[in-house]
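Have a look at the structure below, then the notes.
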Amino acid sequence: MKKVINDPGDFIRESLAGLTRAHADLLRMSPDPLFIYRADAPVQGKTAIVSGGGSGHEPLHAGYVGAGMLDAACPGEVFTSPTPDQMLEAARRVNGGSGVLFIVKNYSGDIMNFEMAAELASAEGIPVASVIIDDDVAVRNSLYTQGRRGVGTTVAAEKICGAAAERGLPLSDLAELCRRVSSAGRSIGVALSSCTVPAAGEPTFILGEEEMEFGIGIHGEPGRERIKLKKADEITELMAEAIIEDPEYRRTLQEWDNETAAPRERETSDPPFAKGDSVLLFVNGMGGTPLSELYIVYRKAAEVAEKHGLRILRSLVGNYITSLEMQGFSLTLLRMDEQSLSLWDAPVLTPALRWGR
Amino acid sequence: MAETVRKEQVVRWLRAAAESMREQKQLLTRLDKAIGDGDHGINMDRGFGKVLEQLDGAADLAGVLKTAAMALISSVGGASGPLYGTFFLRASAAAAGKEELSASDLHTLMEAGLEGVCQRGKAHAGDKTMIDALLPAVQAFGRALAEAEDLSSALAGAVEAARRGAETTIPLIARKGRASYLGERSVGHQDPGATSSYLLLKALQDSLV
C-alpha cells in the first residue's frame with residue numbers, strides 16, 4: 001500500500017483538520033464527537049440540513065458544508081457509517097429553531113445510525129425529518145436486498161435542498177422536495193480498479209488487468225457483473241442505457257417523520273425516464289480516473305441521452321462522490337423541473353461546489 | 001460454575017469479548033472482505049476496546065451493560081454499532097435493578113437483546129445475519145433451562161447452537177446489509193456478523209467458567 005498518510009488511525013481527523021484550516025472562512029470542526037459545520041451556524045430561522053456517511057467519498061459530505069448546501073456533515077470511519085452521537089450533537093449545533101433534515105444514503109448502517117440519532121434528537125424536542133436517497137440502478141430489486149444504494153443523486157439532493165432551505169422552505173416541505181429529487185435521479189457506476197482502506201492496508205477486492213466491475217458501489221460493493229474491459233464509448237453506452245431504460249422502481253422506505261416524531265414507512269416508486277425529459281447529466285469520477293477521461297465519457301453520455309430524446313439542461317463533471325483512489329466513474333441522470341433547475345442554479349459556497357452570488 | 005451471574009462476571013464477559021475480538025480481528029475482516037467491505041474485525045476490535053476504557057464508571061450490573069451499549073453505539077459505526085448497541089441497551093433494560101442474574105434472568109436478557117436486534121435491523125432468520133447465530137443460541141438456552149439443565153450446560157448448548165448457526169450462513173444468500181448486493185455471489189461465505197455474535201456468546205461462556 002502506497003498512500004500519502006501518517007498513522008492510518010489519524011487519516012480522517014488529519015484530513016478534516018486540513019479541510020477546516022483551508023476553508024476557515026466557511027467551516028468549523030467539532031473534534032469530539034466529530035463533525036464539520038458551517039462557520040455561521042446556527043442560521044436562525046433556516047431549516048438546517050445534516051448529512052453524513054462513511055469517509056472515503058471526499059468531497060462528499062464535508063466538502064459540501066457551507067451556504068446553500070449543508071449545515072453539517074458527520075464523517076464516519078472509512079466506508080463505515082458515522083454514529084448517532086455525532087448526528088445528535090451536529091443537530092443541536094446547527095438547529096436554528098426550524099428543525100433539521102437528515103439526508104441519508106441507503107446503506108443499512110447509515111439508516112440505523114441516523115434513525116437512532118433522529119430518535120434521540122426528537123426526544124430533546126428538535127424537529128427532525130429524514131430522507132433516504134437510493135438511486136443506484138445496479139441493484140435491480142429491493143425485495144431480497146437492502147435496496148438501491150445512495151450514490152450520485154445525493155450530491156444533487158444536497159445542492160437543491162440546500163438552496164431551498166436558504167429560501168426559507170420549512171422542514172416538512174424540504175423533506176418532500178428531497179424525496180422528489182431522490183425519486184427523479186438514477187445512477188450507475190463502474191470500477192476499473194479497487195481501492196485500499198488505509199486501516200485495512202490491502203485492496204478491498206481484486207480486478208484483473210482485463211476486467212471491470214459493472215455496477216460497482218462506492219464502497220467497492222460488487223455490481224451486476226464482472227465483465228471484460230471495454231472502450232470508453234462502449235462502457236458509457238451500456239451505463240447510460242442501463243439508466244435510461246431502467247423501468248419503474250418500487251420499494252418501501254422507512255424514514256423519520258417530523259410531524260409524528262416517529263419512523264414512518266413510505267411506499268414509493270420512481271417513474272422511468274421518458275422522451276422529452278429535461279435532465280442534469282452528472283459524470284462523477286471515483287477518485288483515480290482523470291478529468292480528461294471523464295470528459296470522454298461525458299461526450300458519449302450526452303450523445304446517448306440525446307438519442308433517447310432527453311434534453312440536457314445542466315452538467316456536472318468531476319470527482320464529487322469518490323471511493324478513495326478507485327479507478328472508475330459513475331453516471332447520474334436527474335430529471336429536472338423548473339423548481340429544481342432554479343434551485344440548482346442558486347448560489348452555493350462550499351469547499352467543493354461554488355457558483356453564483 | 002455458579003448458578004448466578006454478578007456484575008463482576010458481566011465485566012469479565014466484556015473483557016473476554018474484547019480479547020476475542022482482538023484475537024479474531026483478522027478472521028472477521030477476512031470474512032467481511034469476501035461479502036462486505038472488509039472492516040468488521042477492525043470495527044469490532046475498536047468498539048470493544050472503547051467498552052473496556054469506559055467500564056470502570058459503571059455503578060451496577062445494568063450500568064455495565066448500558067456502558068457497553070453506549071460505547072459500541074458511539075464507536076463501532078456501520079450496522080454492527082447500532083445492532084450490538086441495541087442488543088446491550090435492551091439487555092441493560094431487562095437487567096435493571098438486579099444485583100445478580102439467575103439463568104432464567106440471563107435468558108430474558110438475551111431474548112430482549114435479540115428482539116432489539118430484530119427490530120433495529122428488520123432482518124429475519126435465514127437472511128445471513130447476526131440473527132442466524134443469536135436466534136438459535138437463545139432458543140437452545142431457553143430449551144435447556146426448560147429441561148432443568150444447569151447454567152453451565154445450558155450455556156454450552158447455546159454457544160454450540162451459535163457456532164452451528166454461524167456455519168449455516170455459509171450456503172445462504174444474503175438478504176440484508178451490504179452483502180445482499182452480491183446476491184448469489186454471497187453463497188459459500190460465512191457471515192461475519194453471525195461469526196462475531198458467536199464469539200460474543202463464546203466469551204460469555206469462557207468468562208463464567
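In the C-alpha cells, chains take the letters A, B, ... in the order shown, each chain's residues start at 1, and ligands count up from 1 in the order shown.
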Quick one: residues within 12 Å of A:Asp134, only C-alpha atoms, excluding same-chain residues fewer than 5 positions away - as number ranges by chain? A: 103-108, 111, 139-142, 146-154, 157, 178-188, 217, 249-253, 268-270
Output file for the residues above (C-alpha atoms, as a short mmCIF file (atom, residue, chain, number, x, y, z; two decimals), in the first residue's frame):
```cif
data_model
loop_
_atom_site.label_atom_id
_atom_site.label_comp_id
_atom_site.auth_asym_id
_atom_site.auth_seq_id
_atom_site.Cartn_x
_atom_site.Cartn_y
_atom_site.Cartn_z
CA ILE A 103 -30.18 13.33 4.19
CA VAL A 104 -29.26 9.65 4.42
CA LYS A 105 -27.80 7.36 1.78
CA ASN A 106 -29.43 3.93 1.63
CA TYR A 107 -26.97 1.67 3.46
CA SER A 108 -28.07 -0.43 6.41
CA ILE A 111 -30.09 4.05 8.09
CA VAL A 139 -29.36 -3.06 -7.72
CA ARG A 140 -32.38 -4.30 -9.63
CA ASN A 141 -34.86 -5.12 -6.89
CA SER A 142 -35.39 -4.32 -3.26
CA GLN A 146 -31.16 -3.65 1.19
CA GLY A 147 -32.46 -1.92 -1.96
CA ARG A 148 -30.74 0.57 -4.20
CA ARG A 149 -27.69 2.29 -2.79
CA GLY A 150 -27.43 6.03 -2.42
CA VAL A 151 -24.85 7.47 -4.82
CA GLY A 152 -24.63 10.42 -7.25
CA THR A 153 -28.14 11.79 -6.70
CA THR A 154 -27.07 12.56 -3.12
CA ALA A 157 -30.19 16.46 -3.44
CA CYS A 178 -35.78 15.99 -1.14
CA ARG A 179 -37.96 12.93 -1.77
CA ARG A 180 -38.92 14.28 -5.19
CA VAL A 181 -35.26 14.83 -6.10
CA SER A 182 -34.37 11.34 -4.90
CA SER A 183 -37.16 9.90 -6.99
CA ALA A 184 -36.02 11.82 -10.10
CA GLY A 185 -32.40 10.59 -10.06
CA ARG A 186 -30.78 7.38 -11.25
CA SER A 187 -27.12 6.36 -11.29
CA ILE A 188 -24.74 3.54 -12.13
CA GLY A 217 -20.94 0.58 -5.34
CA TYR A 249 -38.74 1.18 -9.42
CA ARG A 250 -40.92 0.48 -6.36
CA ARG A 251 -39.86 -0.01 -2.78
CA THR A 252 -40.77 0.76 0.81
CA LEU A 253 -38.51 3.07 2.79
CA THR A 268 -42.78 4.95 -3.26
CA SER A 269 -41.97 4.48 -6.91
CA ASP A 270 -39.68 6.21 -9.37
#
```
Could you work out which residues of chain A fall inside 6 Å of chain B? Count only C-alpha atoms, and format the result as a ChimeraX atom specification. /A:80-83,108-109,144-146
Give the answer as one residue: which of B:Ser153, B:Ser196, B:Thr67, B:Met110 has the shortest atom-to-atom distance to B:Leu135, using only C-alpha atoms?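 Nearest candidate to B:Leu135 out of B:Ser153, B:Ser196, B:Thr67, B:Met110: B:Met110.
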Quick one: distance from atom CA of A:Glu202 to atom CA of A:Glu221 in Å, one decimal? 15.4 Å
Hey, what's within 12 Å of B:Glu115 if we count only C-alpha atoms and toss same-chain stuff fewer than 6 positions away? As a list in words, please?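 Final neighbour list, sorted by chain and number: Leu83, Tyr84, Thr86, Phe87, Phe88, Leu89, Arg90, Ala91, Ala94, Thr108, Leu109, Gly121, Lys122, Ala123, His124, Ile131, Leu134, Leu135 and Val138 of chain B.
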How would the residues just picked look written out with N, CA and C atoms as a PDB file, in the first residue's frame?
```
ATOM      1  N   LEU B  83     -26.588  -2.272  15.999  1.00  0.00           N
ATOM      2  CA  LEU B  83     -27.171  -3.587  16.293  1.00  0.00           C
ATOM      3  C   LEU B  83     -26.647  -4.136  17.615  1.00  0.00           C
ATOM      4  N   TYR B  84     -25.330  -4.189  17.788  1.00  0.00           N
ATOM      5  CA  TYR B  84     -24.790  -4.663  19.074  1.00  0.00           C
ATOM      6  C   TYR B  84     -25.128  -3.675  20.188  1.00  0.00           C
ATOM      7  N   THR B  86     -27.837  -1.840  20.402  1.00  0.00           N
ATOM      8  CA  THR B  86     -29.227  -2.092  20.762  1.00  0.00           C
ATOM      9  C   THR B  86     -29.334  -3.378  21.578  1.00  0.00           C
ATOM     10  N   PHE B  87     -28.566  -4.402  21.216  1.00  0.00           N
ATOM     11  CA  PHE B  87     -28.566  -5.663  21.971  1.00  0.00           C
ATOM     12  C   PHE B  87     -28.258  -5.401  23.452  1.00  0.00           C
ATOM     13  N   PHE B  88     -27.169  -4.652  23.704  1.00  0.00           N
ATOM     14  CA  PHE B  88     -26.776  -4.391  25.095  1.00  0.00           C
ATOM     15  C   PHE B  88     -27.708  -3.398  25.796  1.00  0.00           C
ATOM     16  N   LEU B  89     -28.252  -2.454  25.023  1.00  0.00           N
ATOM     17  CA  LEU B  89     -29.175  -1.484  25.613  1.00  0.00           C
ATOM     18  C   LEU B  89     -30.436  -2.186  26.127  1.00  0.00           C
ATOM     19  N   ARG B  90     -30.991  -3.077  25.302  1.00  0.00           N
ATOM     20  CA  ARG B  90     -32.193  -3.812  25.710  1.00  0.00           C
ATOM     21  C   ARG B  90     -31.853  -4.794  26.841  1.00  0.00           C
ATOM     22  N   ALA B  91     -30.665  -5.382  26.769  1.00  0.00           N
ATOM     23  CA  ALA B  91     -30.235  -6.308  27.826  1.00  0.00           C
ATOM     24  C   ALA B  91     -30.122  -5.543  29.145  1.00  0.00           C
ATOM     25  N   ALA B  94     -33.454  -4.941  30.623  1.00  0.00           N
ATOM     26  CA  ALA B  94     -34.003  -6.179  31.199  1.00  0.00           C
ATOM     27  C   ALA B  94     -33.327  -6.531  32.529  1.00  0.00           C
ATOM     28  N   THR B 108     -33.915 -14.127  29.744  1.00  0.00           N
ATOM     29  CA  THR B 108     -34.788 -12.976  29.482  1.00  0.00           C
ATOM     30  C   THR B 108     -33.991 -11.838  28.853  1.00  0.00           C
ATOM     31  N   LEU B 109     -32.816 -11.642  29.411  1.00  0.00           N
ATOM     32  CA  LEU B 109     -31.947 -10.563  28.954  1.00  0.00           C
ATOM     33  C   LEU B 109     -31.485 -10.797  27.515  1.00  0.00           C
ATOM     34  N   GLY B 121     -32.678  -3.991  12.931  1.00  0.00           N
ATOM     35  CA  GLY B 121     -32.146  -4.388  11.632  1.00  0.00           C
ATOM     36  C   GLY B 121     -33.192  -4.894  10.650  1.00  0.00           C
ATOM     37  N   LYS B 122     -34.411  -5.158  11.156  1.00  0.00           N
ATOM     38  CA  LYS B 122     -35.506  -5.662  10.336  1.00  0.00           C
ATOM     39  C   LYS B 122     -35.112  -6.902   9.536  1.00  0.00           C
ATOM     40  N   ALA B 123     -34.243  -7.715  10.113  1.00  0.00           N
ATOM     41  CA  ALA B 123     -33.852  -8.952   9.435  1.00  0.00           C
ATOM     42  C   ALA B 123     -34.573 -10.131  10.076  1.00  0.00           C
ATOM     43  N   HIS B 124     -34.629 -11.231   9.351  1.00  0.00           N
ATOM     44  CA  HIS B 124     -35.260 -12.445   9.838  1.00  0.00           C
ATOM     45  C   HIS B 124     -34.271 -13.598   9.759  1.00  0.00           C
ATOM     46  N   ILE B 131     -28.523 -12.599  13.334  1.00  0.00           N
ATOM     47  CA  ILE B 131     -29.686 -13.302  13.880  1.00  0.00           C
ATOM     48  C   ILE B 131     -29.562 -14.806  13.694  1.00  0.00           C
ATOM     49  N   LEU B 134     -27.587 -15.701  16.786  1.00  0.00           N
ATOM     50  CA  LEU B 134     -28.213 -15.328  18.064  1.00  0.00           C
ATOM     51  C   LEU B 134     -29.518 -16.084  18.324  1.00  0.00           C
ATOM     52  N   LEU B 135     -30.354 -16.170  17.288  1.00  0.00           N
ATOM     53  CA  LEU B 135     -31.669 -16.787  17.499  1.00  0.00           C
ATOM     54  C   LEU B 135     -31.564 -18.249  17.937  1.00  0.00           C
ATOM     55  N   VAL B 138     -30.285 -18.391  21.609  1.00  0.00           N
ATOM     56  CA  VAL B 138     -31.251 -18.014  22.643  1.00  0.00           C
ATOM     57  C   VAL B 138     -32.309 -19.110  22.782  1.00  0.00           C
TER      58      VAL B 138
END
```
Using only C-alpha atoms, find the one residue out of A:Ala73, A:Val50, A:Leu324, A:Leu60 that sits nearest to A:Asn95.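 For A:Asn95, the nearest of the given residues is A:Val50.
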Residue contacts of A:Ser340 (9 Å, only C-alpha atoms) excluding same-chain residues fewer than 6 positions away, as a list in words: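 So the residues in contact are Ile160, Cys161, Leu177 and Val181 of chain A.
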In Å and to one decimal, atom CA of A:Pro75 is distant from atom CA of A:Gly168 by 26.6 Å
Rank nothing, just name the residue among B:His189, B:Arg15, B:Arg22, B:Lys66 nearest to B:Lys128, using only C-alpha atoms. B:His189
Residues of stretch 167-251 of chain A classed as strand (DSSP E or B) by DSSP on the backbone are to be reported as a compact mmCIF listing (two decimals) with N, CA and C atoms, in the first residue's frame.
```txt
# COMPACT_ATOMS: atom_id res chain seq x y z
N GLY A 185 -33.79 10.87 -9.69
CA GLY A 185 -32.40 10.59 -10.06
C GLY A 185 -32.09 9.11 -10.16
N ARG A 186 -31.25 8.77 -11.11
CA ARG A 186 -30.78 7.38 -11.25
C ARG A 186 -29.30 7.40 -11.59
N SER A 187 -28.57 6.42 -11.08
CA SER A 187 -27.12 6.36 -11.29
C SER A 187 -26.65 4.94 -11.53
N ILE A 188 -25.44 4.84 -12.08
CA ILE A 188 -24.74 3.54 -12.13
C ILE A 188 -23.24 3.82 -12.21
N GLY A 189 -22.45 2.91 -11.63
CA GLY A 189 -21.01 3.13 -11.61
C GLY A 189 -20.23 1.92 -12.14
N VAL A 190 -19.00 2.17 -12.54
CA VAL A 190 -18.09 1.07 -12.90
C VAL A 190 -16.75 1.27 -12.22
N ALA A 191 -16.06 0.16 -11.97
CA ALA A 191 -14.71 0.23 -11.41
C ALA A 191 -13.74 -0.47 -12.34
N THR A 196 -7.94 0.94 -1.57
CA THR A 196 -7.40 0.37 -0.33
C THR A 196 -7.80 1.24 0.86
N PRO A 203 -6.05 -4.02 -0.84
CA PRO A 203 -7.19 -3.66 -1.69
C PRO A 203 -8.46 -4.37 -1.24
N GLU A 211 -10.18 -6.77 -16.60
CA GLU A 211 -11.55 -6.86 -16.06
C GLU A 211 -12.08 -5.52 -15.58
N MET A 212 -13.39 -5.39 -15.55
CA MET A 212 -14.02 -4.26 -14.87
C MET A 212 -15.28 -4.75 -14.17
N GLU A 213 -15.69 -3.99 -13.12
CA GLU A 213 -16.90 -4.36 -12.39
C GLU A 213 -17.99 -3.39 -12.83
N PHE A 214 -19.03 -3.93 -13.42
CA PHE A 214 -20.13 -3.12 -13.93
C PHE A 214 -21.21 -3.01 -12.86
N GLU A 225 -22.33 -7.33 -12.76
CA GLU A 225 -21.45 -8.41 -13.24
C GLU A 225 -20.04 -7.91 -13.45
N ARG A 226 -19.14 -8.88 -13.47
CA ARG A 226 -17.75 -8.56 -13.78
C ARG A 226 -17.55 -8.86 -15.25
N ILE A 227 -17.11 -7.87 -15.99
CA ILE A 227 -17.01 -8.07 -17.45
C ILE A 227 -15.63 -7.69 -17.95
N LYS A 228 -15.38 -8.03 -19.21
CA LYS A 228 -14.11 -7.71 -19.84
C LYS A 228 -14.06 -6.20 -20.06
N TYR A 249 -39.34 1.85 -10.57
CA TYR A 249 -38.74 1.18 -9.42
C TYR A 249 -39.60 1.45 -8.18
N ARG A 250 -40.08 0.36 -7.56
CA ARG A 250 -40.92 0.48 -6.36
C ARG A 250 -40.21 -0.09 -5.16
N ARG A 251 -40.40 0.52 -4.03
CA ARG A 251 -39.86 -0.01 -2.78
C ARG A 251 -40.52 0.69 -1.60
```
Quick one: pull the distance between atom CA of A:Met87 and atom CA of A:Ile321, Å, one decimal.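 Between these atoms lies a distance of 20.3 Å.
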Neighbours of A:Asn6 within 12 Å (only C-alpha atoms; same-chain residues fewer than 5 positions away dropped), as a ChimeraX atom specification? /A:11-15,198-199
Could you save the residues just selected, with N, CA and C atoms, as a PDB file, in the first residue's frame?
```
ATOM      1  N   PHE A  11      -5.963   9.186   9.808  1.00  0.00           N
ATOM      2  CA  PHE A  11      -6.312   9.547   8.428  1.00  0.00           C
ATOM      3  C   PHE A  11      -7.450  10.573   8.340  1.00  0.00           C
ATOM      4  N   ILE A  12      -8.591  10.261   8.967  1.00  0.00           N
ATOM      5  CA  ILE A  12      -9.769  11.116   8.801  1.00  0.00           C
ATOM      6  C   ILE A  12      -9.602  12.450   9.519  1.00  0.00           C
ATOM      7  N   ARG A  13      -9.156  12.381  10.772  1.00  0.00           N
ATOM      8  CA  ARG A  13      -9.013  13.610  11.558  1.00  0.00           C
ATOM      9  C   ARG A  13      -8.027  14.573  10.918  1.00  0.00           C
ATOM     10  N   GLU A  14      -6.902  14.040  10.435  1.00  0.00           N
ATOM     11  CA  GLU A  14      -5.896  14.919   9.826  1.00  0.00           C
ATOM     12  C   GLU A  14      -6.416  15.536   8.531  1.00  0.00           C
ATOM     13  N   SER A  15      -7.152  14.739   7.778  1.00  0.00           N
ATOM     14  CA  SER A  15      -7.715  15.245   6.532  1.00  0.00           C
ATOM     15  C   SER A  15      -8.740  16.347   6.814  1.00  0.00           C
ATOM     16  N   PRO A 198      -7.224   2.687   4.277  1.00  0.00           N
ATOM     17  CA  PRO A 198      -5.940   2.829   4.967  1.00  0.00           C
ATOM     18  C   PRO A 198      -5.755   1.867   6.144  1.00  0.00           C
ATOM     19  N   ALA A 199      -6.799   1.703   6.967  1.00  0.00           N
ATOM     20  CA  ALA A 199      -6.654   0.843   8.144  1.00  0.00           C
ATOM     21  C   ALA A 199      -6.570  -0.640   7.762  1.00  0.00           C
TER      22      ALA A 199
END
```
Could you give me the residues within stretch 37-164 of chain B that DSSP places in alpha helix (DSSP H), as a PyMOL selection string? chain B and resi 40-54+61-75+80-94+103-121+131-146+151-164
What lies within 9 Å of A:Val297 using only C-alpha atoms, ignoring chain neighbours under 6 positions off, as a PyMOL selection string? chain A and resi 232-233+235-236+283+329+331
Show me, as a list in words, the residues that have an atom within 8 Å of stretch 300-313 of chain A when counting only C-alpha atoms, minus same-chain residues fewer than 6 positions from it.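 Those residues are Asp233, Thr236, Glu237, Ala240, Glu241, Ile244, Ala274, Lys275, Gly276, Asp277, Ser278, Val279, Leu280 and Leu281 of chain A.
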In terms of the shortest atom-to-atom distance over only C-alpha atoms, which of A:Arg28, A:Lys159, A:Arg92, A:His57 is closest to A:Leu343?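 Smallest distance to A:Leu343 is found for A:Lys159.
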